[in-house]
Amino acid sequence: MSYSSQKKEEAKRGADALFKIIIFGDGGVGKTTLVRRYLEGYFEETTKMTVGMDFFVKHVEVEGKQVTLQIWDFGGEERFRFLLPSYVSGASGGIFMYDITRLMSLNHIDDWLEIFSSEYSKKYSEETLPVIMVGGKKDLAYKRSVKKEEAKQVKEEQNCYKHMECSSKTGENVEDVFKELTRELLRRIDML
């Protein structure tokens with residue numbers, strides 16, 4: 001069964017569509033604060049390290065379609081990376097997150113995408129998984145060490161679906177990250 005057929009079949013069970021989204025990237029880049037801002041609408045100054053992964057569900061309406069998002073927030077510490085392949089199974093899309101104030105967090109994209117994409121391609125060899133590359137902590141732009149042009153070049157080299165920047169602190173572009181990915185996922189199953 002192709003990815004598109006599987007997602008259409010899942011959608012018949014309730015909402016118009018159901019998507020599993022994996023958020024991954026180095027520890028401390030803001031993955032958990034992004035999810036919390038998106039789900040609960042607030043910014044938490046201090047968060048605990050995600051041990052392994054956390055799982056959340058959000059029901060949204062995008063372009064008139066009722067969509068259920070399963071959001072998997074994956075711990076970024078290297079000692080948890082071995083877990084990622086087992087959670088990628090069944091994923092619809094991904095958000096690779098880096099910190100615009102830490103160049104090293106972007107430099108590790110190869111490692112993350114290799115784990116993420118290789119597991120996905122085992123099941124859906126004919127399709128590529130849409131991944132949005134998201135630069136977090138945009139409110140700290142005065143400390144920027146990753147230039148937008150550099151990030152866009154990496155996005156092209158890695159064949160990521162899109163590049164965006166956001167701030168979980170101010171809320172800037174947080175909703176847009178998830179809406180943009182959801183629109184692309186709906187397009188991929190011919191619902192938009």
# chains A, B, ... in the order shown; residues from 1 in each chain; ligands from 1

call {"tool": "residues_around", "arguments": {"residues": "segment 157-160 of chain A", "least_positions_apart": "5", "cutoff": "12 Å", "atoms": "only C-alpha atoms", "output": "list in words"}}
result
Gly93, Gly94, Ile95, Phe96, Met97, Leu106, Asn107, His108, Ile109, Asp110, Asp111, Trp112, Leu113, Glu114, Ser117, Thr128, Leu129, Pro130, Val131, Ile132, Met133, Val134, Glu150, Ala151, Lys152 and Leu181 of chain A

call {"tool": "residues_around", "arguments": {"residues": "segment 32-45 of chain A", "least_positions_apart": "5", "cutoff": "9 Å", "atoms": "only C-alpha atoms", "output": "ChimeraX atom specification"}}
result
/A:23,50,54,56-58,71,73-75,136,166-171,174-175,178

call {"tool": "write_last_selection", "arguments": {"atoms": "N, CA and C atoms", "output": "short mmCIF file (atom, residue, chain, number, x, y, z; two decimals), in the first residue's frame"}}
result
data_model
loop_
_atom_site.label_atom_id
_atom_site.label_comp_id
_atom_site.auth_asym_id
_atom_site.auth_seq_id
_atom_site.Cartn_x
_atom_site.Cartn_y
_atom_site.Cartn_z
N ILE A 23 9.13 15.70 15.49
CA ILE A 23 9.97 16.88 15.66
C ILE A 23 11.31 16.40 16.19
N THR A 50 13.69 16.51 27.33
CA THR A 50 12.81 15.42 26.92
C THR A 50 13.61 14.12 26.97
N ASP A 54 8.12 12.62 23.76
CA ASP A 54 6.80 12.95 24.28
C ASP A 54 5.83 12.90 23.10
N PHE A 56 1.85 14.05 21.69
CA PHE A 56 0.72 14.96 21.87
C PHE A 56 -0.23 14.79 20.69
N VAL A 57 -1.49 15.21 20.89
CA VAL A 57 -2.49 15.18 19.82
C VAL A 57 -3.15 16.55 19.75
N LYS A 58 -3.33 17.04 18.53
CA LYS A 58 -4.05 18.31 18.33
C LYS A 58 -5.00 18.14 17.15
N ILE A 71 1.71 14.55 17.33
CA ILE A 71 2.99 15.25 17.37
C ILE A 71 3.93 14.50 18.31
N ASP A 73 7.48 14.60 19.92
CA ASP A 73 8.61 15.47 20.27
C ASP A 73 9.75 14.57 20.73
N PHE A 74 10.77 14.47 19.89
CA PHE A 74 11.85 13.53 20.12
C PHE A 74 13.00 14.19 20.87
N GLY A 75 13.47 13.55 21.95
CA GLY A 75 14.60 14.06 22.73
C GLY A 75 15.85 14.18 21.86
N GLY A 136 14.74 27.98 15.27
CA GLY A 136 14.06 28.48 16.47
C GLY A 136 14.80 29.62 17.12
N CYS A 166 11.08 30.75 13.57
CA CYS A 166 9.99 31.05 14.49
C CYS A 166 10.54 31.42 15.86
N SER A 167 9.66 31.93 16.69
CA SER A 167 9.99 32.22 18.08
C SER A 167 8.88 31.67 18.96
N SER A 168 9.23 30.70 19.77
CA SER A 168 8.24 30.17 20.72
C SER A 168 7.96 31.19 21.81
N LYS A 169 8.92 32.06 22.07
CA LYS A 169 8.74 33.08 23.11
C LYS A 169 7.67 34.09 22.70
N THR A 170 7.77 34.62 21.48
CA THR A 170 6.81 35.63 21.02
C THR A 170 5.60 35.00 20.30
N GLY A 171 5.76 33.76 19.87
CA GLY A 171 4.70 33.09 19.11
C GLY A 171 4.81 33.29 17.61
N VAL A 174 4.83 30.28 14.83
CA VAL A 174 4.64 28.95 15.42
C VAL A 174 3.48 28.23 14.75
N GLU A 175 2.32 28.87 14.69
CA GLU A 175 1.16 28.26 14.02
C GLU A 175 1.46 27.98 12.55
N PHE A 178 3.24 24.59 11.64
CA PHE A 178 2.37 23.41 11.61
C PHE A 178 1.33 23.49 10.50
#

call {"tool": "closest_residue", "arguments": {"among": "A:Pro85, A:Gly30, A:Gly90, A:Gly25", "to": "Met104 of chain A", "atoms": "only C-alpha atoms"}}
result
A:Gly25

call {"tool": "residues_around", "arguments": {"residues": "Arg187 of chain A", "least_positions_apart": "4", "cutoff": "12 Å", "atoms": "only C-alpha atoms", "output": "PDB file with N, CA and C atoms, in the first residue's frame"}}
result
ATOM      1  N   SER A   4       0.204   7.433   0.274  1.00  0.00           N
ATOM      2  CA  SER A   4      -1.016   8.185   0.001  1.00  0.00           C
ATOM      3  C   SER A   4      -2.257   7.335   0.277  1.00  0.00           C
ATOM      4  N   LYS A   7      -2.744   6.834   4.097  1.00  0.00           N
ATOM      5  CA  LYS A   7      -3.245   8.024   4.790  1.00  0.00           C
ATOM      6  C   LYS A   7      -4.716   8.274   4.470  1.00  0.00           C
ATOM      7  N   LYS A   8      -5.141   8.004   3.244  1.00  0.00           N
ATOM      8  CA  LYS A   8      -6.553   8.149   2.899  1.00  0.00           C
ATOM      9  C   LYS A   8      -7.396   7.151   3.686  1.00  0.00           C
ATOM     10  N   ALA A  17      -8.321  13.773   7.921  1.00  0.00           N
ATOM     11  CA  ALA A  17      -6.964  13.253   7.789  1.00  0.00           C
ATOM     12  C   ALA A  17      -6.321  13.121   9.161  1.00  0.00           C
ATOM     13  N   VAL A  62      -7.738  22.953   8.694  1.00  0.00           N
ATOM     14  CA  VAL A  62      -6.858  23.584   7.709  1.00  0.00           C
ATOM     15  C   VAL A  62      -7.539  23.501   6.355  1.00  0.00           C
ATOM     16  N   GLU A  63      -7.751  24.652   5.753  1.00  0.00           N
ATOM     17  CA  GLU A  63      -8.378  24.716   4.429  1.00  0.00           C
ATOM     18  C   GLU A  63      -9.720  23.969   4.416  1.00  0.00           C
ATOM     19  N   LYS A  65     -10.583  21.400   6.110  1.00  0.00           N
ATOM     20  CA  LYS A  65     -10.447  19.974   6.422  1.00  0.00           C
ATOM     21  C   LYS A  65     -10.181  19.803   7.913  1.00  0.00           C
ATOM     22  N   SER A  92       4.218  10.890   8.855  1.00  0.00           N
ATOM     23  CA  SER A  92       3.715  11.581   7.666  1.00  0.00           C
ATOM     24  C   SER A  92       4.668  12.690   7.252  1.00  0.00           C
ATOM     25  N   PRO A 130       8.204  14.723   3.656  1.00  0.00           N
ATOM     26  CA  PRO A 130       8.337  16.176   3.721  1.00  0.00           C
ATOM     27  C   PRO A 130       8.856  16.613   5.097  1.00  0.00           C
ATOM     28  N   GLU A 180       1.693  25.016   7.586  1.00  0.00           N
ATOM     29  CA  GLU A 180       2.385  24.795   6.314  1.00  0.00           C
ATOM     30  C   GLU A 180       2.657  23.314   6.092  1.00  0.00           C
ATOM     31  N   LEU A 181       3.125  22.631   7.126  1.00  0.00           N
ATOM     32  CA  LEU A 181       3.377  21.201   6.985  1.00  0.00           C
ATOM     33  C   LEU A 181       2.073  20.442   6.768  1.00  0.00           C
ATOM     34  N   THR A 182       1.027  20.797   7.482  1.00  0.00           N
ATOM     35  CA  THR A 182      -0.266  20.122   7.323  1.00  0.00           C
ATOM     36  C   THR A 182      -0.813  20.324   5.916  1.00  0.00           C
ATOM     37  N   ARG A 183      -0.691  21.534   5.369  1.00  0.00           N
ATOM     38  CA  ARG A 183      -1.141  21.778   3.984  1.00  0.00           C
ATOM     39  C   ARG A 183      -0.402  20.867   3.013  1.00  0.00           C
ATOM     40  N   MET A 191      -5.928  15.920  -1.021  1.00  0.00           N
ATOM     41  CA  MET A 191      -7.071  16.517  -0.337  1.00  0.00           C
ATOM     42  C   MET A 191      -7.073  18.031  -0.463  1.00  0.00           C
ATOM     43  N   LEU A 192      -6.082  18.597  -1.110  1.00  0.00           N
ATOM     44  CA  LEU A 192      -6.046  20.040  -1.406  1.00  0.00           C
ATOM     45  C   LEU A 192      -5.719  20.240  -2.860  1.00  0.00           C
TER      46      LEU A 192
END

call {"tool": "closest_residue", "arguments": {"among": "A:Val67, A:Val60, A:Gly28, A:Ile189", "to": "Asp16 of chain A", "atoms": "only C-alpha atoms"}}
result
A:Val67

call {"tool": "atom_distance", "arguments": {"atom1": "atom CA of Arg102 of chain A", "atom2": "atom CA of Glu149 of chain A"}}
result
15.2 Å

call {"tool": "select_by_dssp", "arguments": {"residues": "segment 54-187 of chain A", "states": "helix (DSSP H, G or I)", "output": "count of residues only"}}
result
61

call {"tool": "residues_around", "arguments": {"residues": "Lys148 of chain A", "least_positions_apart": "3", "cutoff": "10 Å", "atoms": "only C-alpha atoms", "output": "ChimeraX atom specification"}}
result
/A:100,135,144-145,151-154,163-165

call {"tool": "write_last_selection", "arguments": {"atoms": "N, CA and C atoms", "output": "compact mmCIF listing (two decimals), in the first residue's frame"}}
result
# COMPACT_ATOMS: atom_id res chain seq x y z
N ILE A 100 18.94 29.21 15.87
CA ILE A 100 19.64 30.19 15.01
C ILE A 100 20.85 30.80 15.71
N GLY A 135 14.24 27.17 12.04
CA GLY A 135 15.19 27.85 12.91
C GLY A 135 14.44 28.45 14.08
N ARG A 144 22.34 35.89 16.48
CA ARG A 144 22.33 34.95 15.35
C ARG A 144 23.73 34.49 14.96
N SER A 145 23.90 33.17 14.81
CA SER A 145 25.14 32.63 14.25
C SER A 145 24.86 31.85 12.96
N ALA A 151 21.15 28.91 5.96
CA ALA A 151 20.09 27.96 6.26
C ALA A 151 19.34 27.56 4.99
N LYS A 152 19.05 28.53 4.14
CA LYS A 152 18.34 28.23 2.89
C LYS A 152 19.18 27.34 1.98
N GLN A 153 20.49 27.55 1.98
CA GLN A 153 21.38 26.70 1.18
C GLN A 153 21.35 25.27 1.71
N VAL A 154 21.40 25.11 3.02
CA VAL A 154 21.33 23.78 3.62
C VAL A 154 20.00 23.12 3.29
N HIS A 163 11.94 26.04 4.49
CA HIS A 163 12.70 26.60 5.61
C HIS A 163 11.88 27.74 6.21
N MET A 164 11.79 27.74 7.54
CA MET A 164 11.09 28.82 8.25
C MET A 164 11.86 29.13 9.53
N GLU A 165 11.62 30.31 10.08
CA GLU A 165 12.14 30.66 11.40
C GLU A 165 10.95 31.03 12.28

call {"tool": "select_by_dssp", "arguments": {"residues": "segment 131-191 of chain A", "states": "strand (DSSP E or B)", "output": "MDAnalysis selection string"}}
result
chainID A and resid 131:136 162:165

call {"tool": "write_last_selection", "arguments": {"atoms": "C-alpha atoms", "output": "PDB file, in the first residue's frame"}}
result
ATOM      1  CA  VAL A 131      10.581  17.840   6.299  1.00  0.00           C
ATOM      2  CA  ILE A 132      10.377  21.511   7.226  1.00  0.00           C
ATOM      3  CA  MET A 133      13.636  22.958   8.488  1.00  0.00           C
ATOM      4  CA  VAL A 134      12.801  25.368  11.337  1.00  0.00           C
ATOM      5  CA  GLY A 135      15.190  27.853  12.910  1.00  0.00           C
ATOM      6  CA  GLY A 136      14.058  28.480  16.466  1.00  0.00           C
ATOM      7  CA  LYS A 162      10.659  24.352   3.313  1.00  0.00           C
ATOM      8  CA  HIS A 163      12.696  26.601   5.615  1.00  0.00           C
ATOM      9  CA  MET A 164      11.090  28.818   8.252  1.00  0.00           C
ATOM     10  CA  GLU A 165      12.139  30.659  11.396  1.00  0.00           C
TER      11      GLU A 165
END

call {"tool": "atom_distance", "arguments": {"atom1": "atom CA of Ile115 of chain A", "atom2": "atom CA of Val177 of chain A"}}
result
22.0 Å

call {"tool": "atom_distance", "arguments": {"atom1": "atom CA of Leu140 of chain A", "atom2": "atom CA of Ser105 of chain A"}}
result
15.2 Å

call {"tool": "closest_residue", "arguments": {"among": "A:Lys31, A:Val146, A:Phe19, A:Asn173", "to": "Arg188 of chain A", "atoms": "only C-alpha atoms"}}
result
A:Phe19
